[in-house]
file target30.cif (mmCIF, C-alpha atoms (C1' of nucleotides))
data_input
loop_
_atom_site.label_atom_id
_atom_site.label_comp_id
_atom_site.auth_asym_id
_atom_site.auth_seq_id
_atom_site.Cartn_x
_atom_site.Cartn_y
_atom_site.Cartn_z
CA MET B 18 112.43 125.81 90.77
CA ASP B 19 115.28 124.24 88.88
CA ASN B 20 115.07 121.84 85.99
CA LYS B 21 115.92 118.84 88.06
CA SER B 22 112.96 119.39 90.35
CA GLU B 23 110.54 120.33 87.64
CA LEU B 24 111.08 117.48 85.24
CA PRO B 25 109.21 114.87 87.32
CA ILE B 26 106.33 117.27 87.80
CA VAL B 27 105.77 118.08 84.15
CA LEU B 28 106.22 114.45 83.16
CA ARG B 29 103.43 113.56 85.53
CA ALA B 30 101.25 116.43 84.34
CA ALA B 31 101.69 115.51 80.69
CA TYR B 32 100.93 111.85 81.23
CA LEU B 33 97.86 112.46 83.34
CA ALA B 34 96.52 114.96 80.82
CA MET B 35 96.98 112.46 78.01
CA HIS B 36 95.38 109.72 80.07
CA ARG B 37 92.34 111.82 80.95
CA MET B 38 91.81 112.91 77.38
CA SER B 39 92.15 109.37 76.10
CA ASP B 40 89.67 108.06 78.62
CA ALA B 41 87.18 110.70 77.55
CA GLN B 42 87.76 110.00 73.87
CA PHE B 43 87.40 106.22 74.16
CA SER B 44 84.58 106.28 76.63
CA PRO B 45 81.79 106.27 74.00
CA LEU B 46 83.26 103.00 72.74
CA GLY B 47 83.16 101.46 76.19
CA ILE B 48 86.94 101.22 76.51
CA THR B 49 89.44 102.86 78.83
CA ALA B 50 92.78 104.38 77.88
CA ASP B 51 94.66 101.51 79.46
CA GLN B 52 92.50 98.91 77.79
CA PHE B 53 93.37 100.58 74.52
CA VAL B 54 97.07 100.13 75.30
CA LEU B 55 96.46 96.46 75.96
CA LEU B 56 94.55 95.97 72.73
CA ALA B 57 97.21 97.85 70.79
CA THR B 58 99.93 95.68 72.27
CA LEU B 59 97.99 92.56 71.38
CA SER B 60 97.48 93.77 67.85
CA ARG B 61 101.24 93.83 67.36
CA GLY B 62 102.08 90.42 68.76
CA THR B 63 100.33 87.14 68.29
CA ALA B 64 99.43 84.66 71.02
CA LEU B 65 101.37 86.39 73.77
CA THR B 66 101.36 84.97 77.24
CA GLN B 67 99.89 87.20 79.92
CA ARG B 68 103.37 87.71 81.31
CA GLU B 69 104.81 88.78 78.00
CA LEU B 70 101.84 91.03 77.37
CA ALA B 71 102.41 92.70 80.73
CA ARG B 72 106.10 93.14 80.01
CA ARG B 73 105.41 94.89 76.72
CA MET B 74 102.73 97.29 77.88
CA PRO B 75 104.47 97.75 80.35
CA SER B 76 102.25 96.87 83.27
CA ASP B 77 101.89 94.53 86.19
CA PRO B 78 100.85 90.92 85.52
CA SER B 79 98.09 91.04 88.08
CA THR B 80 96.79 94.29 86.61
CA VAL B 81 96.81 92.77 83.15
CA ARG B 82 94.87 89.80 84.41
CA ALA B 83 92.14 92.03 85.81
CA MET B 84 91.95 93.89 82.53
CA LEU B 85 91.78 90.67 80.53
CA VAL B 86 88.86 89.44 82.61
CA LEU B 87 86.94 92.59 81.70
CA LEU B 88 87.92 92.50 78.04
CA GLU B 89 87.03 88.83 77.83
CA LYS B 90 83.56 89.63 79.12
CA GLN B 91 83.20 92.07 76.25
CA GLY B 92 84.34 89.39 73.85
CA LEU B 93 87.33 91.39 72.65
CA VAL B 94 90.07 88.98 73.69
CA LYS B 95 90.37 85.24 74.06
CA ARG B 96 92.55 83.29 76.48
CA ASP B 97 93.70 79.77 75.62
CA ILE B 98 95.99 77.34 77.33
CA HIS B 99 99.55 77.56 76.09
CA PRO B 100 100.37 74.65 73.77
CA SER B 101 103.63 73.70 75.47
CA ASP B 102 103.37 75.27 78.93
CA SER B 103 100.28 74.31 80.86
CA ARG B 104 100.87 77.03 83.43
CA ALA B 105 100.62 79.79 80.88
CA ARG B 106 97.74 81.16 78.84
CA THR B 107 97.99 82.75 75.43
CA VAL B 108 95.99 85.88 74.72
CA THR B 109 94.68 86.89 71.30
CA LEU B 110 92.31 89.44 69.88
CA THR B 111 88.98 88.14 68.69
CA ALA B 112 87.47 89.38 65.44
CA ALA B 113 85.36 91.78 67.48
CA GLY B 114 88.51 92.85 69.31
CA LYS B 115 90.28 93.70 66.06
CA ARG B 116 87.27 95.61 64.85
CA LYS B 117 87.04 97.54 68.10
CA PHE B 118 90.72 98.34 68.01
CA ARG B 119 90.41 99.87 64.57
CA GLN B 120 87.61 102.10 65.80
CA LEU B 121 89.68 103.08 68.80
CA TRP B 122 92.66 103.83 66.67
CA ASP B 123 90.62 106.22 64.57
CA ALA B 124 89.04 107.79 67.64
CA GLY B 125 92.48 108.44 69.08
CA GLU B 126 93.85 110.10 65.98
CA SER B 127 92.90 113.60 67.09
CA ILE B 128 94.79 113.21 70.34
CA ARG B 129 97.92 111.95 68.62
CA THR B 130 97.72 114.83 66.18
CA LYS B 131 97.22 117.33 68.98
CA MET B 132 100.26 115.98 70.79
CA LEU B 133 102.46 116.12 67.74
CA GLU B 134 101.40 119.65 66.94
CA ALA B 135 101.96 120.80 70.50
CA ILE B 136 105.64 119.96 70.34
CA GLN B 137 106.12 120.78 66.67
CA PRO B 138 106.52 117.60 64.59
CA ASP B 139 110.22 118.25 64.07
CA ASN B 140 110.88 117.69 67.73
CA ALA B 141 109.03 114.41 68.00
CA ALA B 142 111.93 112.07 67.36
CA GLU B 143 114.07 113.87 69.87
CA LEU B 144 111.35 113.89 72.53
CA ILE B 145 110.73 110.20 71.99
CA GLY B 146 114.43 109.55 72.42
CA HIS B 147 114.56 111.44 75.68
CA LEU B 148 111.52 109.72 77.12
CA THR B 149 112.82 106.34 76.07
CA ARG B 150 116.15 106.93 77.75
CA LEU B 151 114.31 108.19 80.81
CA ALA B 152 112.28 105.02 81.05
CA GLU B 153 115.31 102.84 80.48
CA ALA B 154 117.33 104.58 83.12
CA LEU B 155 114.53 104.28 85.65
CA ASN B 156 113.79 100.68 84.86
CA GLY B 157 117.44 99.82 85.06
CA LEU B 158 117.05 97.88 81.88
CA SER B 159 116.22 98.48 78.28
CA LEU B 160 112.60 98.42 77.27
CA TYR B 161 113.23 97.13 73.83
CA GLY B 162 116.70 95.70 73.88
CA SER B 163 117.05 93.25 76.69
CA GLY B 164 116.07 89.78 77.44
CA LEU B 165 113.28 87.58 76.43
CA SER B 166 111.58 86.80 73.19
CA GLN B 167 112.29 89.77 71.03
CA THR B 168 110.70 88.90 67.77
CA ASP B 169 109.11 92.03 66.47
CA LYS B 170 109.89 95.48 65.29
CA VAL B 171 111.72 97.96 67.39
CA MET U 26 105.89 102.65 63.93
CA ASP U 27 105.93 106.37 63.27
CA ASN U 28 106.60 109.16 65.71
CA LYS U 29 102.99 110.09 66.06
CA SER U 30 102.03 106.64 67.24
CA GLU U 31 105.04 106.11 69.44
CA LEU U 32 104.95 109.33 71.42
CA PRO U 33 101.97 108.34 73.62
CA ILE U 34 103.54 104.99 74.31
CA VAL U 35 106.90 106.26 75.48
CA LEU U 36 105.27 109.02 77.51
CA ARG U 37 103.30 106.37 79.32
CA ALA U 38 106.33 104.13 79.77
CA ALA U 39 108.44 106.97 81.15
CA TYR U 40 105.81 108.11 83.61
CA LEU U 41 105.03 104.63 84.90
CA ALA U 42 108.71 103.87 85.33
CA MET U 43 109.19 107.05 87.32
CA HIS U 44 106.13 106.33 89.39
CA ARG U 45 107.19 102.78 90.20
CA MET U 46 110.68 103.85 91.11
CA SER U 47 109.37 106.65 93.32
CA ASP U 48 106.97 104.35 95.11
CA ALA U 49 109.82 101.97 95.85
CA GLN U 50 112.07 104.77 97.01
CA PHE U 51 109.51 106.35 99.33
CA SER U 52 108.07 103.11 100.62
CA PRO U 53 110.45 102.81 103.61
CA LEU U 54 109.12 106.18 104.76
CA GLY U 55 105.53 104.98 104.55
CA ILE U 56 104.61 107.35 101.74
CA THR U 57 103.53 106.80 98.14
CA ALA U 58 104.75 108.67 95.08
CA ASP U 59 101.46 110.51 94.76
CA GLN U 60 101.36 111.43 98.43
CA PHE U 61 104.80 112.93 97.90
CA VAL U 62 103.40 115.09 95.12
CA LEU U 63 100.64 116.27 97.43
CA LEU U 64 103.05 117.11 100.23
CA ALA U 65 105.34 118.89 97.82
CA THR U 66 102.45 120.96 96.51
CA LEU U 67 101.41 121.85 100.03
CA SER U 68 104.93 122.86 100.92
CA ARG U 69 104.79 125.51 98.21
CA GLY U 70 101.42 127.02 99.04
CA THR U 71 99.95 127.90 102.36
CA ALA U 72 96.46 127.09 103.51
CA LEU U 73 95.20 125.90 100.17
CA THR U 74 91.66 124.68 99.83
CA GLN U 75 91.26 121.07 98.77
CA ARG U 76 90.06 122.27 95.41
CA GLU U 77 93.05 124.48 94.83
CA LEU U 78 95.36 121.73 95.99
CA ALA U 79 93.78 119.35 93.49
CA ARG U 80 94.10 121.90 90.71
CA ARG U 81 97.80 122.39 91.35
CA MET U 82 98.83 118.77 91.59
CA PRO U 83 97.00 118.24 89.18
CA SER U 84 94.55 115.66 90.38
CA ASP U 85 90.90 115.02 91.00
CA PRO U 86 89.24 116.62 94.06
CA SER U 87 87.78 113.33 95.23
CA THR U 88 91.15 111.64 94.86
CA VAL U 89 92.78 114.39 96.86
CA ARG U 90 90.21 114.00 99.56
CA ALA U 91 90.96 110.27 99.91
CA MET U 92 94.67 111.03 100.09
CA LEU U 93 94.14 113.71 102.71
CA VAL U 94 92.20 111.33 104.90
CA LEU U 95 95.15 108.95 104.89
CA LEU U 96 97.74 111.66 105.42
CA GLU U 97 95.69 113.14 108.23
CA LYS U 98 95.72 109.76 109.96
CA GLN U 99 99.49 109.86 109.79
CA GLY U 100 99.45 113.35 111.27
CA LEU U 101 101.21 114.89 108.30
CA VAL U 102 98.49 117.33 107.26
CA LYS U 103 95.81 119.27 109.02
CA ARG U 104 92.41 120.34 107.67
CA ASP U 105 90.68 123.39 109.09
CA ILE U 106 87.51 125.19 108.19
CA HIS U 107 88.07 128.03 105.79
CA PRO U 108 87.87 131.39 107.60
CA SER U 109 85.51 133.03 105.14
CA ASP U 110 83.90 130.12 103.29
CA SER U 111 82.29 127.53 105.49
CA ARG U 112 81.99 125.07 102.63
CA ALA U 113 85.73 124.88 102.10
CA ARG U 114 88.53 123.46 104.17
CA THR U 115 92.10 124.69 104.22
CA VAL U 116 94.91 122.19 104.20
CA THR U 117 98.32 122.74 105.76
CA LEU U 118 101.36 120.66 106.58
CA THR U 119 101.91 119.88 110.23
CA ALA U 120 105.37 120.07 111.74
CA ALA U 121 105.66 116.32 111.28
CA GLY U 122 104.53 116.77 107.70
CA LYS U 123 107.25 119.29 106.97
CA ARG U 124 109.83 117.04 108.55
CA LYS U 125 108.62 114.05 106.56
CA PHE U 126 108.67 116.06 103.37
CA ARG U 127 112.31 116.99 103.88
CA GLN U 128 113.19 113.35 104.31
CA LEU U 129 111.24 112.46 101.20
CA TRP U 130 112.91 115.18 99.21
CA ASP U 131 116.30 113.79 100.10
CA ALA U 132 115.20 110.25 99.40
CA GLY U 133 114.05 111.29 95.94
CA GLU U 134 117.25 113.05 94.99
CA SER U 135 118.77 109.96 93.40
CA ILE U 136 115.78 109.56 91.11
CA ARG U 137 115.86 113.18 90.00
CA THR U 138 119.57 112.89 89.35
CA LYS U 139 119.14 109.70 87.39
CA MET U 140 116.45 111.30 85.26
CA LEU U 141 118.53 114.34 84.52
CA GLU U 142 121.53 112.24 83.59
CA ALA U 143 119.48 109.99 81.34
CA ILE U 144 118.55 112.89 79.10
CA GLN U 145 121.79 114.83 79.50
CA PRO U 146 121.32 117.92 81.66
CA ASP U 147 121.61 120.23 78.67
CA ASN U 148 118.37 118.90 77.27
CA ALA U 149 116.33 119.30 80.44
CA ALA U 150 114.94 122.76 79.75
CA GLU U 151 113.88 121.76 76.28
CA LEU U 152 112.26 118.53 77.45
CA ILE U 153 110.40 120.40 80.17
CA GLY U 154 109.15 122.84 77.59
CA HIS U 155 107.85 120.10 75.34
CA LEU U 156 106.09 118.28 78.14
CA THR U 157 104.55 121.49 79.38
CA ARG U 158 103.18 122.33 75.95
CA LEU U 159 101.92 118.77 75.64
CA ALA U 160 99.99 119.04 78.88
CA GLU U 161 98.57 122.42 77.96
CA ALA U 162 97.45 121.25 74.55
CA LEU U 163 95.75 118.17 75.97
CA ASN U 164 94.03 120.03 78.76
CA GLY U 165 92.56 122.48 76.30
CA LEU U 166 91.52 119.84 73.79
CA SER U 167 87.87 119.90 72.91
CA LEU U 168 86.25 116.55 72.35
CA TYR U 169 83.77 117.73 69.81
CA GLY U 170 85.12 119.18 66.63
CA SER U 171 87.89 121.72 66.44
CA GLY U 172 87.58 123.21 69.81
CA LEU U 173 87.66 126.64 71.20
CA SER U 174 87.11 125.61 74.78
CA GLN U 175 89.91 127.23 76.64
CA THR U 176 91.39 126.83 80.05
CA ASP U 177 91.36 130.30 81.40
CA LYS U 178 92.49 130.00 84.93
CA VAL U 179 95.15 132.26 86.32
"C1'" DG M 7 115.85 60.70 88.60
"C1'" DG M 8 114.65 63.29 92.17
"C1'" DT M 9 114.78 67.67 94.37
"C1'" DA M 10 115.48 72.78 94.51
"C1'" DT M 11 114.59 76.85 92.08
"C1'" DT M 12 112.19 79.62 88.95
"C1'" DT M 13 108.17 80.98 86.45
"C1'" DC M 14 103.03 81.39 85.44
"C1'" DG M 15 98.58 82.73 86.69
"C1'" DT M 16 95.56 83.73 90.48
"C1'" DG M 17 93.62 86.12 94.50
"C1'" DC M 18 93.85 89.63 98.00
"C1'" DG M 19 94.84 94.19 99.96
"C1'" DT M 20 95.92 99.14 99.51
"C1'" DA M 21 96.24 103.39 97.04
"C1'" DT M 22 95.14 106.31 92.77
"C1'" DA M 23 92.27 108.37 89.11
"C1'" DC M 24 88.16 109.91 87.79
"C1'" DA M 25 83.03 110.29 86.95
"C1'" DC M 26 78.82 111.30 88.99
"C1'" DA M 27 75.36 112.59 92.28
"C1'" DC M 28 74.29 114.86 96.54
"C1'" DG M 29 73.75 118.36 100.25
"C1'" DA M 30 75.40 122.60 101.96
"C1'" DC M 31 76.88 127.01 101.21
"C1'" DT M 32 78.23 131.20 98.45
"C1'" DT M 33 77.65 134.33 94.84
"C1'" DC M 34 75.18 136.47 91.21
"C1'" DC M 35 71.29 138.66 89.34
"C1'" DT M 36 67.26 141.13 89.42
"C1'" DA K 4 65.59 140.51 99.67
"C1'" DG K 5 65.16 136.28 97.35
"C1'" DG K 6 65.68 132.87 93.99
"C1'" DA K 7 68.92 130.86 90.50
"C1'" DA K 8 73.26 129.30 89.47
"C1'" DG K 9 77.76 128.07 90.63
"C1'" DT K 10 81.19 126.04 93.92
"C1'" DC K 11 83.08 123.02 97.84
"C1'" DG K 12 83.52 118.79 100.00
"C1'" DT K 13 81.64 114.24 100.47
"C1'" DG K 14 80.35 109.53 99.20
"C1'" DT K 15 79.96 105.82 95.83
"C1'" DG K 16 81.32 102.96 91.94
"C1'" DT K 17 84.61 101.29 88.39
"C1'" DA K 18 89.15 100.63 86.61
"C1'" DT K 19 94.27 100.82 87.24
"C1'" DA K 20 98.83 99.98 89.47
"C1'" DC K 21 101.38 97.26 92.19
"C1'" DG K 22 103.05 94.30 96.10
"C1'" DC K 23 102.71 89.88 98.18
"C1'" DA K 24 101.58 85.13 98.85
"C1'" DC K 25 99.82 80.89 97.04
"C1'" DG K 26 99.53 76.48 94.23
"C1'" DA K 27 100.88 74.38 90.01
"C1'" DA K 28 103.98 73.42 86.58
"C1'" DA K 29 108.41 73.89 84.06
"C1'" DT K 30 113.38 74.14 84.46
"C1'" DA K 31 117.83 73.65 86.56
"C1'" DC K 32 120.92 71.12 89.21
"C1'" DC K 33 123.31 67.35 91.15
#
call {"tool": "encode", "arguments": {"input": "target30.cif", "output": "structure tokens"}}
result
Amino acid sequence: MDNKSELPIVLRAAYLAMHRMSDAQFSPLGITADQFVLLATLSRGTALTQRELARRMPSDPSTVRAMLVLLEKQGLVKRDIHPSDSRARTVTLTAAGKRKFRQLWDAGESIRTKMLEAIQPDNAAELIGHLTRLAEALNGLSLYGSGLSQTDKV
Amino acid sequence: MDNKSELPIVLRAAYLAMHRMSDAQFSPLGITADQFVLLATLSRGTALTQRELARRMPSDPSTVRAMLVLLEKQGLVKRDIHPSDSRARTVTLTAAGKRKFRQLWDAGESIRTKMLEAIQPDNAAELIGHLTRLAEALNGLSLYGSGLSQTDKV
DNA sequence: GGTATTTCGTGCGTATACACACGACTTCCT
DNA sequence: AGGAAGTCGTGTGTATACGCACGAAATACC
């Protein structure tokens, strides 16, 4: 099988493996891998709208809503009405949410370390570059460069 | 954000982008991205059991079962009782399944090309190697302590 | 200003992903 | 042989992922 055919397969395999391991690692804390991504995204941006949160994850707005409902039940996030746009709702981490995220971050350290070691740390920057370009090409737009409110670090 | 923290994020972004794009591309043919993976796996192995099929995808046996039920309804796969093990069922592509897979393969060519171009073809082998090692490391990762649980399948 | 368009969140439907438990069957061990 | 242990497929439950359609509200346009 040539490279062109194999690339999608190994990309899928690597992601699913990471996802499974993350789910298992976070499970004792009552959080899924995807919920961790949401919390992490929230921890880096304040009072995001659901739409903007979905764009940054990246994920679908209706998926994000379902996740927020569950996280709200656990008291980890809070949804308020947007101050200037009554259609929108702003999402923020609660104190419990921030605390939980710190625990999750620590719990995930072993996975991040394992990943970095697997590819040899020297290759990380390059791999990240490739994956980023891959995502950009497939999305047809830049993940970090285009459009909307772009107020934080890149 | 350092490399260690960013790698999981871009891996996720790249996979989801590929998955979304594939779903959109295959949708006119009535097939999902994951169903394509299943059909592709079947096209490379004859009379696999559901378990073996799940292992190769890789995916969960119960997920594979649900997918097979749908694909069977479409007449693309066939499930027979295993000749020597009455617990198991062997799965094969029907003629319609093979035909559909060829169409899907062609329909997916543009995505594979786009992916290869995004990373520059010269880097493909290296990227594949990194992702493969990533998946292997994560699949063999023990949750408790420094593990020695090994995946020792063929 | 008033209307057309766009955007936001919601709700619904389908398909994955995986854990877990269960019954049926096979294999292993003695 | 016969019981114990492992394996296969099934069924159920929860959480994503995403498309689509809806009502409400903001924005654009004339």
call {"tool": "resolve_selection", "arguments": {"input": "target30.cif", "expression": "the PyMOL selection byres ((chain B and resi 84-93) around 10)", "output": "list of chain:residue names"}}
result
B:Gly47, B:Ile48, B:Asp51, B:Gln52, B:Leu55, B:Leu56, B:Gln67, B:Pro78, B:Ser79, B:Thr80, B:Val81, B:Arg82, B:Ala83, B:Val94, B:Lys95, B:Arg96, B:Val108, B:Thr109, B:Leu110, B:Thr111, B:Ala112, B:Ala113, B:Gly114, B:Lys115, B:Arg116, B:Lys117, B:Phe118, K:DA18, K:DT19
call {"tool": "calpha_fit_rmsd", "arguments": {"input": "target30.cif", "fixed": "chain B", "moving": "chain U"}}
result
4.9 Å
call {"tool": "atom_distance", "arguments": {"input": "target30.cif", "atom1": "atom CA of U:Ala72", "atom2": "atom C1' of K:DC11"}}
result
15.1 Å
call {"tool": "resolve_selection", "arguments": {"input": "target30.cif", "expression": "the PyMOL selection byres ((chain M and resi 18) around 10)", "output": "list of chain:residue names"}}
result
M:DT16, M:DG17, M:DG19, M:DT20, K:DC23, K:DA24
call {"tool": "residues_near_point", "arguments": {"input": "target30.cif", "point": "(76.7, 109.5, 91.2)", "cutoff": "12 Å", "atoms": "all atoms listed in the file", "output": "PyMOL selection string"}}
result
(chain M and resi 24-28) or (chain K and resi 13-17)
call {"tool": "decode", "arguments": {"input": "target30.cif", "residues": "stretch 7-32 of chain M", "atoms": "N, CA and C atoms (P, O5', C5', C4', C3', O3' and C1' of nucleotides)", "output": "short mmCIF file (atom, residue, chain, number, x, y, z; two decimals), in the first residue's frame"}}
result
data_model
loop_
_atom_site.label_atom_id
_atom_site.label_comp_id
_atom_site.auth_asym_id
_atom_site.auth_seq_id
_atom_site.Cartn_x
_atom_site.Cartn_y
_atom_site.Cartn_z
P DG M 7 -37.77 57.37 11.46
"O5'" DG M 7 -37.93 56.11 10.54
"C5'" DG M 7 -38.47 54.97 11.09
"C4'" DG M 7 -38.99 54.13 9.95
"C3'" DG M 7 -39.32 52.73 10.41
"O3'" DG M 7 -40.33 52.24 9.57
"C1'" DG M 7 -37.53 52.61 8.89
P DG M 8 -41.55 51.44 10.18
"O5'" DG M 8 -41.67 50.28 9.12
"C5'" DG M 8 -41.62 50.61 7.73
"C4'" DG M 8 -40.89 49.53 6.97
"C3'" DG M 8 -41.15 48.11 7.48
"O3'" DG M 8 -41.38 47.28 6.36
"C1'" DG M 8 -38.84 48.50 7.37
P DT M 9 -42.18 45.91 6.54
"O5'" DT M 9 -41.25 44.94 5.69
"C5'" DT M 9 -40.84 45.34 4.37
"C4'" DT M 9 -39.48 44.74 4.06
"C3'" DT M 9 -39.41 43.22 4.22
"O3'" DT M 9 -38.77 42.69 3.07
"C1'" DT M 9 -37.60 44.24 5.29
P DA M 10 -39.06 41.16 2.59
"O5'" DA M 10 -37.58 40.62 2.33
"C5'" DA M 10 -36.71 41.37 1.47
"C4'" DA M 10 -35.26 40.99 1.75
"C3'" DA M 10 -35.03 39.49 1.86
"O3'" DA M 10 -33.85 39.15 1.14
"C1'" DA M 10 -34.27 40.57 3.84
P DT M 11 -33.43 37.63 0.95
"O5'" DT M 11 -32.16 37.55 1.91
"C5'" DT M 11 -31.17 38.58 1.85
"C4'" DT M 11 -30.21 38.46 3.02
"C3'" DT M 11 -29.73 37.03 3.30
"O3'" DT M 11 -28.31 37.03 3.27
"C1'" DT M 11 -30.41 38.09 5.31
P DT M 12 -27.51 35.65 3.34
"O5'" DT M 12 -26.96 35.71 4.84
"C5'" DT M 12 -26.29 36.90 5.28
"C4'" DT M 12 -26.14 36.87 6.79
"C3'" DT M 12 -25.52 35.57 7.33
"O3'" DT M 12 -24.37 35.92 8.07
"C1'" DT M 12 -27.43 36.20 8.60
P DT M 13 -23.42 34.79 8.68
"O5'" DT M 13 -23.93 34.73 10.19
"C5'" DT M 13 -23.94 35.91 10.97
"C4'" DT M 13 -24.54 35.62 12.34
"C3'" DT M 13 -24.02 34.34 13.01
"O3'" DT M 13 -23.62 34.66 14.33
"C1'" DT M 13 -26.37 34.37 13.04
P DC M 14 -22.89 33.57 15.24
"O5'" DC M 14 -24.04 33.16 16.25
"C5'" DC M 14 -24.47 34.09 17.25
"C4'" DC M 14 -25.53 33.44 18.11
"C3'" DC M 14 -25.13 32.05 18.61
"O3'" DC M 14 -24.97 32.06 20.02
"C1'" DC M 14 -27.35 32.08 17.68
P DG M 15 -24.41 30.74 20.74
"O5'" DG M 15 -25.77 29.96 21.03
"C5'" DG M 15 -26.72 30.55 21.91
"C4'" DG M 15 -28.01 29.77 21.89
"C3'" DG M 15 -27.90 28.32 22.37
"O3'" DG M 15 -28.82 28.12 23.42
"C1'" DG M 15 -29.05 28.43 20.30
P DT M 16 -28.92 26.68 24.12
"O5'" DT M 16 -30.09 25.95 23.32
"C5'" DT M 16 -31.36 26.59 23.22
"C4'" DT M 16 -32.30 25.78 22.34
"C3'" DT M 16 -32.41 24.30 22.72
"O3'" DT M 16 -33.75 24.04 23.09
"C1'" DT M 16 -32.18 24.60 20.36
P DG M 17 -34.13 22.66 23.81
"O5'" DG M 17 -34.55 21.72 22.59
"C5'" DG M 17 -35.59 22.12 21.72
"C4'" DG M 17 -35.77 21.10 20.61
"C3'" DG M 17 -35.62 19.65 21.06
"O3'" DG M 17 -36.73 18.90 20.55
"C1'" DG M 17 -34.20 20.09 19.21
P DC M 18 -36.90 17.36 20.81
"O5'" DC M 18 -36.49 16.73 19.39
"C5'" DC M 18 -37.14 17.19 18.22
"C4'" DC M 18 -36.56 16.48 17.01
"C3'" DC M 18 -36.35 14.97 17.21
"O3'" DC M 18 -36.89 14.27 16.11
"C1'" DC M 18 -34.36 15.98 16.45
P DG M 19 -37.10 12.68 16.18
"O5'" DG M 19 -36.00 12.15 15.14
"C5'" DG M 19 -35.98 12.65 13.81
"C4'" DG M 19 -34.74 12.15 13.09
"C3'" DG M 19 -34.39 10.68 13.38
"O3'" DG M 19 -34.16 10.00 12.17
"C1'" DG M 19 -32.51 12.08 13.80
P DT M 20 -33.91 8.41 12.20
"O5'" DT M 20 -32.34 8.30 11.91
"C5'" DT M 20 -31.82 8.88 10.72
"C4'" DT M 20 -30.31 8.78 10.72
"C3'" DT M 20 -29.78 7.37 11.02
"O3'" DT M 20 -28.86 7.03 10.01
"C1'" DT M 20 -28.73 8.98 12.40
P DA M 21 -28.29 5.53 9.89
"O5'" DA M 21 -26.80 5.72 10.43
"C5'" DA M 21 -25.95 6.68 9.82
"C4'" DA M 21 -24.67 6.80 10.62
"C3'" DA M 21 -24.07 5.47 11.07
"O3'" DA M 21 -22.68 5.47 10.76
"C1'" DA M 21 -24.27 6.93 12.90
P DT M 22 -21.84 4.13 10.76
"O5'" DT M 22 -20.66 4.43 11.79
"C5'" DT M 22 -20.95 5.11 12.93
"C4'" DT M 22 -19.74 5.85 13.45
"C3'" DT M 22 -18.67 4.96 14.08
"O3'" DT M 22 -17.45 5.69 14.14
"C1'" DT M 22 -19.93 6.03 15.78
P DA M 23 -16.13 4.97 14.68
"O5'" DA M 23 -16.28 5.03 16.26
"C5'" DA M 23 -15.67 6.07 16.98
"C4'" DA M 23 -15.70 5.72 18.45
"C3'" DA M 23 -15.14 4.33 18.76
"O3'" DA M 23 -14.03 4.49 19.62
"C1'" DA M 23 -17.22 4.71 19.87
P DC M 24 -13.12 3.22 20.00
"O5'" DC M 24 -13.73 2.73 21.38
"C5'" DC M 24 -13.85 3.64 22.45
"C4'" DC M 24 -14.84 3.13 23.46
"C3'" DC M 24 -14.58 1.71 23.94
"O3'" DC M 24 -14.14 1.75 25.27
"C1'" DC M 24 -16.89 2.17 23.68
P DA M 25 -13.54 0.47 25.99
"O5'" DA M 25 -14.48 0.36 27.28
"C5'" DA M 25 -14.99 1.55 27.88
"C4'" DA M 25 -16.16 1.19 28.78
"C3'" DA M 25 -16.00 -0.14 29.51
"O3'" DA M 25 -16.41 0.00 30.86
"C1'" DA M 25 -18.00 -0.15 28.21
P DC M 26 -16.03 -1.13 31.91
"O5'" DC M 26 -17.37 -2.00 31.98
"C5'" DC M 26 -18.62 -1.35 32.17
"C4'" DC M 26 -19.74 -2.34 31.94
"C3'" DC M 26 -19.44 -3.76 32.43
"O3'" DC M 26 -20.41 -4.13 33.39
"C1'" DC M 26 -20.37 -3.79 30.24
P DA M 27 -20.19 -5.46 34.28
"O5'" DA M 27 -21.45 -6.30 33.78
"C5'" DA M 27 -22.69 -5.65 33.57
"C4'" DA M 27 -23.62 -6.57 32.80
"C3'" DA M 27 -23.52 -8.05 33.20
"O3'" DA M 27 -24.82 -8.60 33.22
"C1'" DA M 27 -23.13 -7.83 30.89
P DC M 28 -25.11 -9.99 33.96
"O5'" DC M 28 -25.56 -10.92 32.75
"C5'" DC M 28 -26.55 -10.46 31.84
"C4'" DC M 28 -26.53 -11.30 30.58
"C3'" DC M 28 -26.27 -12.78 30.84
"O3'" DC M 28 -27.49 -13.50 30.69
"C1'" DC M 28 -25.06 -11.93 28.93
P DG M 29 -27.53 -15.04 31.07
"O5'" DG M 29 -27.39 -15.74 29.64
"C5'" DG M 29 -28.30 -15.39 28.60
"C4'" DG M 29 -27.86 -16.02 27.30
"C3'" DG M 29 -27.66 -17.55 27.36
"O3'" DG M 29 -28.17 -18.12 26.17
"C1'" DG M 29 -25.66 -16.49 26.66
P DA M 30 -28.21 -19.71 25.99
"O5'" DA M 30 -27.03 -19.98 24.95
"C5'" DA M 30 -27.08 -19.34 23.68
"C4'" DA M 30 -25.79 -19.61 22.94
"C3'" DA M 30 -25.37 -21.09 22.93
"O3'" DA M 30 -25.01 -21.46 21.62
"C1'" DA M 30 -23.59 -19.72 23.68
P DC M 31 -24.87 -23.01 21.28
"O5'" DC M 31 -23.30 -23.13 21.02
"C5'" DC M 31 -22.67 -22.22 20.10
"C4'" DC M 31 -21.19 -22.15 20.40
"C3'" DC M 31 -20.46 -23.50 20.43
"O3'" DC M 31 -19.49 -23.50 19.40
"C1'" DC M 31 -19.79 -22.10 22.22
P DT M 32 -18.72 -24.88 19.03
"O5'" DT M 32 -17.20 -24.51 19.30
"C5'" DT M 32 -16.78 -23.16 19.20
"C4'" DT M 32 -15.44 -22.96 19.88
"C3'" DT M 32 -14.47 -24.15 19.82
"O3'" DT M 32 -13.19 -23.67 19.49
"C1'" DT M 32 -14.78 -23.49 22.07
#
